[in-house]
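Trainee: Sharing a structure, written as structure tokens. Questions coming.
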Amino acid sequence: MNSHQGNFVRASMIEAAPAPIQTGGLAYWLRKNLFATPKDTALTIISLLVLAWLVPPAVQWLFIDAAWTGGGRGVCATVAQGGSQPDGWSGACWAFVNAKFDQFLFGRYPIEERWRPALVGILFVLFLTPMLIPKVPYKNINAILLLAVLPILALILLPGGWFGLPFVETPLWGGLMVTLVLSFVGIAVSLPLGILLALGRRSTMPVIKMLCTFFIEVVRGIPLITVLFMASVMLPLFLPQGVTFDKFLRALIGVSFFASAYMAEVVRGGLQAIGKGQYEGADSLGLSYWQKMNLIVLPQALKLVIPGIVNTFIGLFKDTSLVSIIGMFDLLGIVRLNFSDANWASAVTPISGLIFAGFIFWLFCFGMSRYSGFMERVLDTSHKR
Amino acid sequence: MARSILTALVGAAVMGIGAHAASAATLDDVKAKGFVQCGVNTGLAGFAAPDASGNWSGFDVDYCKAIAAAIFADGTKVKYTPTSAKERFPALQSGEVDVLARNTTWTINRDTALGFNFRPVNYYDGQGFMVRKGLNVKSALELSGAAVCVQTGTTTELNLADYFKANNLQYNPVVFEKLEEVNAAYDAGRCDVYTTDQSGLYSLRLTLSKPDDHMILPEIISKEPLGPAVRQGDDQWFDIVSWVHYALIQAEEFGVTQANIEEMKKSTNPDVQRFLGVEADSKIGTDLGLTNEWAVNIIKAVGNYGEVFDRNIGAGSPLKIERGLNALWSKGGIQYAPPVR
């Protein structure tokens, strides 16, 4: 190279010139995405108009006009309604949510014992977060902590009655705590049970196949709300007086079984998508049934059905609010229960409470959905389009 | 085959109910358990609703506390079972609750066929109509062709149908399952008329966006005597629940309140002495299966009827319901207690 020290050779690279206006920058992006054709332009303008029509009033109602603090219905009612707001006022009543926030989290759980569910919640987040991040090591210990130690701790801490902790009966539980306990147990039970049921339904052993098919079809064929209602209203009529099963336990079992049946069908869909060659290949290697399933079939099948599995989880999470028909108050139930508090009765209380409950449900469901998208990308090996 | 299974199931259910009805001594059960299991509403302003710290409070809830106070001298020994309109009767029949204090209307059907006992009426309610003032309606008889918002599964819905049929009026029912849905629909103008018990109309007015634009029509189209219900076949328990109410009324009549109860025990009035169980050789409570201090304990826990009413639904509450029919008999109402002697 040194022999070619002609003046015409540059020693360094020229700075990259900015892209021509037609291929870069904000103007290009706008033109390409929003105003490419007359049709696009029309759609863009209509969308902007709709947003301009919807967003400012929503922001005004939700934030600017909202009543944020206060100790009673007065702050959320107009003068005509016996409150302090000017006539014609309408805004979100966040003061209601603020005042009832602890109840929305814990229900009627005794105030001096609320550190117990709070501690379980913190431990849950501590154990779950590293579990969800693929790079964090020690997944085995983590799994034991999350799936064995935490449930045992929760079983000791939440109801109490051991180690000098006062007993807190389940009718006092409520709010987000009930929603999360039901969902976590439902999810933790339904995935393994669903996989077993799906394998059983595809089994060549007739009795197992029949039992699994029967379970799945019966459970899937009855609405959950019917089962909860039967268990709550009719079951006690058949039992001797005074013999009652815990309502919360009934709901837990009902929700778990239901989710398992749905999960089984999702997993079965994945199992059917795996080519026969994979099964035969595993057989020809001399693998046992469980080795074949664990090492060859299930890893491929489950990866395929991640969207379906998460779909079931999200459905399960939202189905937990059905327990309010048997007198258990989950997040939605406790929010609605508080509408009947005359000290907070106002025109905007119910809608504010429902928006809050909807937002919390959305947070959890959206979180699950984003995480499932992330897992699909991490596990993606061949199905990229 | 299917039919014989069904018959067997129904038979078992009926026998089960029969067996429950026959089993007596709820008081002994309650004393053994250490608390009263009380069926309440799943949320009705003023009658059963959570307070700031999440504890149940309200008019019906105070009746549960009063019963517990009469038995245990401690108004906190209650466990509440929130029941929906459909759930409440099976809950009482099956023994899941000991007493139902859930703004339940006393009807002949419930008293006989369903196997319950009602006696005291703790709140005389009646179904009324609320309309927008803009309609220029002065009487319910002018409501022909109106769209009426009503909650389904209640006696309200049936009374509405009867009233309009009896008066040859047409109407379009707009029915909802949940109270707050009915409220929202009426406030949004989906119907011209709202009908429910008058106590409910008062709490609804609190939540309307323009309360002054609405008026309550003068017609009361039904009698809704609300009271605590118990299972048939246990007279002692029935007596206790009944006399808890009468004690509350009697206390108001005597002017005995939560504040002055200790002074009143020193009263020289023989009626008051007898009522409070301080008379010599008193058997006023032991005959009920309780202690002679039972009335004192009730008043210490919740106050007299007037105090319970004011605190939860009357002048001292946001609902501000008038006493009306629920005033004492001596003050123009019909609340009356048999003599305590």
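Identifiers in this document derive from the order of the structure tokens: chains are assigned A, B, ..., residues are numbered from 1 separately in each chain, and ligands are numbered from 1 in order of occurrence.
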Using only C-alpha atoms, find each residue in chain B having at least one atom no more than 7 Å away from chain A; report its shortest atom-to-atom pair and that distance in Å (one decimal), rows by chain then rising number, as CSV.
Mentor:
residue,atom,partner,partner_atom,distance
B:Ala13,CA,A:Phe238,CA,5.9
B:Gly16,CA,A:Phe238,CA,6.0
B:Ile17,CA,A:Leu237,CA,6.6
B:His20,CA,A:Gln241,CA,6.4
B:Thr42,CA,A:Leu337,CA,6.9
B:Gly43,CA,A:Ser340,CA,5.3
B:Leu44,CA,A:Ser340,CA,5.2
B:Ala45,CA,A:Ser340,CA,4.4
B:Gly46,CA,A:Ala342,CA,6.3
B:Ala49,CA,A:Asp341,CA,5.4
B:Pro50,CA,A:Asp341,CA,6.2
B:Asp51,CA,A:Asp341,CA,6.6
B:Ala52,CA,A:Lys100,CA,6.9
B:Gly54,CA,A:Arg108,CA,5.0
B:Asn55,CA,A:Arg108,CA,6.6
B:Pro82,CA,A:Gly327,CA,5.5
B:Thr83,CA,A:Gly327,CA,6.2
B:Glu87,CA,A:Val233,CA,6.2
B:Pro90,CA,A:Val233,CA,6.0
B:Ala91,CA,A:Val233,CA,6.6
B:Ser94,CA,A:Leu237,CA,4.8
B:Gly95,CA,A:Gln241,CA,5.7
B:Glu96,CA,A:Gly242,CA,6.8
B:Leu206,CA,A:Ser346,CA,5.8
B:Thr207,CA,A:Ser346,CA,4.1
B:Leu208,CA,A:Ala347,CA,5.3
B:Ser209,CA,A:Ala347,CA,5.4
B:Lys210,CA,A:Ala80,CA,6.8
B:Pro211,CA,A:Gln81,CA,6.1
B:Pro318,CA,A:Ala342,CA,6.1
B:Leu319,CA,A:Ala342,CA,6.9
Trainee: Based on the selection just made, write N, CA and C atoms of those residues as a PDB file, in the first residue's frame.
Mentor:
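Dumped to result35.pdb:
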ATOM      1  N   ALA B  13     -82.792 -34.056  47.721  1.00  0.00           N
ATOM      2  CA  ALA B  13     -82.780 -32.622  48.023  1.00  0.00           C
ATOM      3  C   ALA B  13     -83.913 -32.274  48.975  1.00  0.00           C
ATOM      4  N   GLY B  16     -83.320 -33.621  52.293  1.00  0.00           N
ATOM      5  CA  GLY B  16     -82.275 -32.810  52.914  1.00  0.00           C
ATOM      6  C   GLY B  16     -82.859 -31.562  53.540  1.00  0.00           C
ATOM      7  N   ILE B  17     -83.722 -30.890  52.752  1.00  0.00           N
ATOM      8  CA  ILE B  17     -84.328 -29.661  53.276  1.00  0.00           C
ATOM      9  C   ILE B  17     -85.189 -29.989  54.477  1.00  0.00           C
ATOM     10  N   HIS B  20     -83.181 -30.528  57.475  1.00  0.00           N
ATOM     11  CA  HIS B  20     -82.656 -29.275  58.021  1.00  0.00           C
ATOM     12  C   HIS B  20     -83.718 -28.529  58.809  1.00  0.00           C
ATOM     13  N   THR B  42     -75.317  -8.099  48.992  1.00  0.00           N
ATOM     14  CA  THR B  42     -73.976  -7.955  48.417  1.00  0.00           C
ATOM     15  C   THR B  42     -73.610  -6.490  48.206  1.00  0.00           C
ATOM     16  N   GLY B  43     -74.402  -5.591  48.727  1.00  0.00           N
ATOM     17  CA  GLY B  43     -74.060  -4.176  48.605  1.00  0.00           C
ATOM     18  C   GLY B  43     -75.304  -3.355  48.309  1.00  0.00           C
ATOM     19  N   LEU B  44     -75.844  -2.699  49.327  1.00  0.00           N
ATOM     20  CA  LEU B  44     -76.999  -1.828  49.132  1.00  0.00           C
ATOM     21  C   LEU B  44     -76.779  -0.640  50.054  1.00  0.00           C
ATOM     22  N   ALA B  45     -76.707   0.539  49.457  1.00  0.00           N
ATOM     23  CA  ALA B  45     -76.361   1.730  50.228  1.00  0.00           C
ATOM     24  C   ALA B  45     -77.256   1.856  51.447  1.00  0.00           C
ATOM     25  N   GLY B  46     -76.657   2.033  52.603  1.00  0.00           N
ATOM     26  CA  GLY B  46     -77.393   2.252  53.832  1.00  0.00           C
ATOM     27  C   GLY B  46     -77.795   0.978  54.546  1.00  0.00           C
ATOM     28  N   ALA B  49     -73.178  -2.248  53.358  1.00  0.00           N
ATOM     29  CA  ALA B  49     -72.137  -1.735  52.473  1.00  0.00           C
ATOM     30  C   ALA B  49     -70.841  -1.661  53.268  1.00  0.00           C
ATOM     31  N   PRO B  50     -69.704  -1.714  52.602  1.00  0.00           N
ATOM     32  CA  PRO B  50     -68.443  -1.635  53.331  1.00  0.00           C
ATOM     33  C   PRO B  50     -68.163  -0.191  53.743  1.00  0.00           C
ATOM     34  N   ASP B  51     -67.591  -0.013  54.939  1.00  0.00           N
ATOM     35  CA  ASP B  51     -67.217   1.339  55.345  1.00  0.00           C
ATOM     36  C   ASP B  51     -65.768   1.599  54.916  1.00  0.00           C
ATOM     37  N   ALA B  52     -65.197   2.702  55.429  1.00  0.00           N
ATOM     38  CA  ALA B  52     -63.884   3.120  54.948  1.00  0.00           C
ATOM     39  C   ALA B  52     -62.826   2.033  55.126  1.00  0.00           C
ATOM     40  N   GLY B  54     -63.423  -1.193  55.246  1.00  0.00           N
ATOM     41  CA  GLY B  54     -63.808  -2.462  54.633  1.00  0.00           C
ATOM     42  C   GLY B  54     -64.708  -3.312  55.505  1.00  0.00           C
ATOM     43  N   ASN B  55     -65.067  -2.815  56.715  1.00  0.00           N
ATOM     44  CA  ASN B  55     -65.990  -3.586  57.543  1.00  0.00           C
ATOM     45  C   ASN B  55     -67.409  -3.349  57.054  1.00  0.00           C
ATOM     46  N   PRO B  82     -72.325 -12.416  52.227  1.00  0.00           N
ATOM     47  CA  PRO B  82     -73.025 -11.600  51.245  1.00  0.00           C
ATOM     48  C   PRO B  82     -73.787 -12.503  50.285  1.00  0.00           C
ATOM     49  N   THR B  83     -75.079 -12.251  50.102  1.00  0.00           N
ATOM     50  CA  THR B  83     -75.884 -13.105  49.232  1.00  0.00           C
ATOM     51  C   THR B  83     -76.584 -12.261  48.183  1.00  0.00           C
ATOM     52  N   GLU B  87     -79.407 -16.078  45.573  1.00  0.00           N
ATOM     53  CA  GLU B  87     -78.697 -16.963  46.484  1.00  0.00           C
ATOM     54  C   GLU B  87     -79.284 -16.992  47.881  1.00  0.00           C
ATOM     55  N   PRO B  90     -81.726 -20.201  49.188  1.00  0.00           N
ATOM     56  CA  PRO B  90     -80.993 -21.449  49.428  1.00  0.00           C
ATOM     57  C   PRO B  90     -79.986 -21.333  50.567  1.00  0.00           C
ATOM     58  N   ALA B  91     -79.369 -20.171  50.720  1.00  0.00           N
ATOM     59  CA  ALA B  91     -78.376 -20.012  51.780  1.00  0.00           C
ATOM     60  C   ALA B  91     -79.020 -20.196  53.147  1.00  0.00           C
ATOM     61  N   SER B  94     -80.323 -24.004  53.528  1.00  0.00           N
ATOM     62  CA  SER B  94     -79.292 -25.007  53.724  1.00  0.00           C
ATOM     63  C   SER B  94     -78.582 -24.848  55.051  1.00  0.00           C
ATOM     64  N   GLY B  95     -78.892 -23.794  55.784  1.00  0.00           N
ATOM     65  CA  GLY B  95     -78.211 -23.607  57.055  1.00  0.00           C
ATOM     66  C   GLY B  95     -76.869 -22.935  56.926  1.00  0.00           C
ATOM     67  N   GLU B  96     -76.574 -22.435  55.726  1.00  0.00           N
ATOM     68  CA  GLU B  96     -75.306 -21.725  55.556  1.00  0.00           C
ATOM     69  C   GLU B  96     -75.321 -20.434  56.371  1.00  0.00           C
ATOM     70  N   LEU B 206     -78.783  10.314  44.995  1.00  0.00           N
ATOM     71  CA  LEU B 206     -77.421  10.776  45.292  1.00  0.00           C
ATOM     72  C   LEU B 206     -76.504  10.658  44.085  1.00  0.00           C
ATOM     73  N   THR B 207     -76.794   9.714  43.214  1.00  0.00           N
ATOM     74  CA  THR B 207     -75.848   9.420  42.140  1.00  0.00           C
ATOM     75  C   THR B 207     -76.280   9.997  40.803  1.00  0.00           C
ATOM     76  N   LEU B 208     -77.456  10.630  40.752  1.00  0.00           N
ATOM     77  CA  LEU B 208     -77.874  11.196  39.473  1.00  0.00           C
ATOM     78  C   LEU B 208     -77.068  12.452  39.172  1.00  0.00           C
ATOM     79  N   SER B 209     -76.880  12.729  37.879  1.00  0.00           N
ATOM     80  CA  SER B 209     -76.057  13.903  37.574  1.00  0.00           C
ATOM     81  C   SER B 209     -76.798  15.202  37.885  1.00  0.00           C
ATOM     82  N   LYS B 210     -78.152  15.204  37.769  1.00  0.00           N
ATOM     83  CA  LYS B 210     -78.895  16.418  38.121  1.00  0.00           C
ATOM     84  C   LYS B 210     -80.098  16.036  38.972  1.00  0.00           C
ATOM     85  N   PRO B 211     -79.885  15.874  40.274  1.00  0.00           N
ATOM     86  CA  PRO B 211     -80.973  15.369  41.129  1.00  0.00           C
ATOM     87  C   PRO B 211     -82.221  16.243  41.063  1.00  0.00           C
ATOM     88  N   PRO B 318     -75.842  10.049  54.478  1.00  0.00           N
ATOM     89  CA  PRO B 318     -76.041  10.771  53.218  1.00  0.00           C
ATOM     90  C   PRO B 318     -77.408  10.513  52.585  1.00  0.00           C
ATOM     91  N   LEU B 319     -78.056   9.389  52.947  1.00  0.00           N
ATOM     92  CA  LEU B 319     -79.320   9.046  52.283  1.00  0.00           C
ATOM     93  C   LEU B 319     -80.469   9.939  52.735  1.00  0.00           C
TER      94      LEU B 319
END
Trainee: Which residues, written as a PyMOL selection string, have at least one atom at most 10 Å from Met131 in chain A, with only C-alpha atoms counted and residues fewer than 2 positions away on the same chain left out?
Mentor: chain A and resi 125-129+133-143+145-146
Trainee: List the neighbours of Ser256 in chain A out to 10 Å using only C-alpha atoms; skip same-chain residues closer than 4 positions along the sequence, and give me the result as a PyMOL selection string.
Mentor: chain A and resi 182-191+193-194+250-252+260-261+316
Trainee: List every residue of range 3-252 of chain A that DSSP, applied to the backbone, labels as alpha helix (DSSP H), and write the result as a PyMOL selection string.
Mentor: chain A and resi 25-33+38-59+94-106+115-132+139-144+150-157+175-201+206-221+224-229+235-238+247-252
Trainee: Excluding Lys331 in chain B and its own-chain neighbours fewer than 5 positions away, which residues fall within 12 Å of it when counting only C-alpha atoms? Please give them as an MDAnalysis selection string.
Mentor: chainID B and resid 252:253 306 323:326 336
Trainee: With C-alpha atoms retained, write the just-selected residues as a short mmCIF file (atom, residue, chain, number, x, y, z; two decimals), in the first residue's frame.
Mentor:
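result-v3.cif written:
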data_model
loop_
_atom_site.label_atom_id
_atom_site.label_comp_id
_atom_site.auth_asym_id
_atom_site.auth_seq_id
_atom_site.Cartn_x
_atom_site.Cartn_y
_atom_site.Cartn_z
CA GLU B 252 -86.44 4.14 71.55
CA GLU B 253 -89.84 4.40 73.17
CA GLY B 306 -83.97 5.45 66.10
CA ARG B 323 -88.84 8.08 59.19
CA GLY B 324 -92.35 8.08 57.65
CA LEU B 325 -94.08 4.77 58.38
CA ASN B 326 -91.03 3.72 60.33
CA TYR B 336 -94.76 -0.93 67.56
#
Trainee: As a PyMOL selection string, please: every residue in range 42-93 of chain B that DSSP puts in strand (DSSP E).
Mentor: chain B and resi 49-50+56-57+78-83
Trainee: Any chance you can output those residues with N, CA and C atoms as a CSV table (one decimal), in the first residue's frame?
Mentor:
chain,number,residue,atom,x,y,z
B,49,ALA,N,-73.2,-2.2,53.4
B,49,ALA,CA,-72.1,-1.7,52.5
B,49,ALA,C,-70.8,-1.7,53.3
B,50,PRO,N,-69.7,-1.7,52.6
B,50,PRO,CA,-68.4,-1.6,53.3
B,50,PRO,C,-68.2,-0.2,53.7
B,56,TRP,N,-68.3,-4.4,57.2
B,56,TRP,CA,-69.7,-4.2,56.9
B,56,TRP,C,-70.3,-3.2,57.8
B,57,SER,N,-71.1,-2.3,57.2
B,57,SER,CA,-71.9,-1.5,58.0
B,57,SER,C,-73.3,-1.2,57.3
B,78,VAL,N,-70.0,-11.7,64.7
B,78,VAL,CA,-70.9,-12.0,63.6
B,78,VAL,C,-69.9,-12.3,62.4
B,79,LYS,N,-70.4,-13.2,61.6
B,79,LYS,CA,-69.7,-13.4,60.3
B,79,LYS,C,-70.8,-13.2,59.2
B,80,TYR,N,-70.4,-12.4,58.2
B,80,TYR,CA,-71.3,-12.0,57.2
B,80,TYR,C,-71.2,-12.9,55.9
B,81,THR,N,-72.3,-13.3,55.4
B,81,THR,CA,-72.3,-14.0,54.1
B,81,THR,C,-73.0,-13.1,53.1
B,82,PRO,N,-72.3,-12.4,52.2
B,82,PRO,CA,-73.0,-11.6,51.2
B,82,PRO,C,-73.8,-12.5,50.3
B,83,THR,N,-75.1,-12.3,50.1
B,83,THR,CA,-75.9,-13.1,49.2
B,83,THR,C,-76.6,-12.3,48.2
Trainee: Hey, what's within 9 Å of range 258-268 of chain B if we count only C-alpha atoms and toss same-chain stuff fewer than 3 positions away? As a list of chain:residue names, please?
Mentor: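 What passes the distance filter is B:Gly255, B:Asp271, B:Val272, B:Gln273, B:Leu276, B:Gly277, B:Val278, B:Val296, B:Ile299, B:Lys300, B:Ala301, B:Val302, B:Gly303, B:Asn304, B:Glu307.
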Trainee: Identify, on the basis of only C-alpha atoms, every residue whose closest approach to Val137 in chain B does not exceed 12 Å; exclude the query and any residue fewer than 4 positions from it along the same chain; express the result as a PyMOL selection string.
Mentor: chain B and resi 129-133+141-144+146+192-193+214-218
Trainee: Take the selection from the previous step and output its residues with N, CA and C atoms, as a tab-separated table (two decimals), in the first residue's frame.
Mentor:
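The result, written out as again-v1.tsv:
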chain	number	residue	atom	x	y	z
B	129	PHE	N	-92.19	5.52	42.07
B	129	PHE	CA	-91.68	5.87	40.75
B	129	PHE	C	-90.92	7.17	40.82
B	130	MET	N	-89.83	7.26	40.06
B	130	MET	CA	-89.16	8.53	39.87
B	130	MET	C	-89.18	8.85	38.38
B	131	VAL	N	-89.49	10.11	38.06
B	131	VAL	CA	-89.52	10.53	36.65
B	131	VAL	C	-88.75	11.83	36.51
B	132	ARG	N	-88.46	12.17	35.26
B	132	ARG	CA	-87.87	13.47	34.98
B	132	ARG	C	-88.96	14.53	35.06
B	133	LYS	N	-88.62	15.67	35.65
B	133	LYS	CA	-89.61	16.74	35.76
B	133	LYS	C	-90.07	17.20	34.38
B	141	LEU	N	-100.50	7.28	36.92
B	141	LEU	CA	-101.53	6.88	35.97
B	141	LEU	C	-101.34	7.54	34.61
B	142	GLU	N	-100.46	8.55	34.55
B	142	GLU	CA	-100.20	9.21	33.26
B	142	GLU	C	-99.02	8.60	32.54
B	143	LEU	N	-98.54	7.47	33.02
B	143	LEU	CA	-97.29	6.93	32.49
B	143	LEU	C	-97.48	5.98	31.32
B	144	SER	N	-98.65	5.97	30.71
B	144	SER	CA	-98.91	5.02	29.63
B	144	SER	C	-97.87	5.17	28.51
B	146	ALA	N	-94.69	4.54	28.71
B	146	ALA	CA	-93.36	4.94	29.18
B	146	ALA	C	-92.39	3.76	29.17
B	192	ASP	N	-87.81	6.56	30.78
B	192	ASP	CA	-88.46	7.76	31.31
B	192	ASP	C	-88.68	7.64	32.81
B	193	VAL	N	-88.87	6.39	33.26
B	193	VAL	CA	-89.30	6.16	34.63
B	193	VAL	C	-88.35	5.18	35.28
B	214	HIS	N	-85.37	15.59	38.77
B	214	HIS	CA	-86.19	14.38	38.91
B	214	HIS	C	-87.13	14.54	40.09
B	215	MET	N	-88.28	13.89	39.98
B	215	MET	CA	-89.21	13.93	41.10
B	215	MET	C	-89.77	12.53	41.36
B	216	ILE	N	-90.15	12.30	42.61
B	216	ILE	CA	-90.72	11.02	42.99
B	216	ILE	C	-92.23	11.18	42.99
B	217	LEU	N	-92.93	10.32	42.27
B	217	LEU	CA	-94.38	10.43	42.16
B	217	LEU	C	-95.04	9.99	43.46
B	218	PRO	N	-96.24	10.52	43.75
B	218	PRO	CA	-96.86	10.24	45.06
B	218	PRO	C	-97.30	8.78	45.23
Trainee: Record the distance separating CA of Phe124 in chain A and CA of Ala95 in chain A, expressed in Å with one decimal.
Mentor: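 According to the coordinates, CA of Phe124 in chain A and CA of Ala95 in chain A are separated by 29.0 Å.
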Trainee: If you measure from CA of Val121 in chain B to CA of Ser242 in chain B, what distance in Å do you get, rounded to one decimal?
Mentor: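 Calculated distance between CA of Val121 in chain B and CA of Ser242 in chain B is 9.0 Å.
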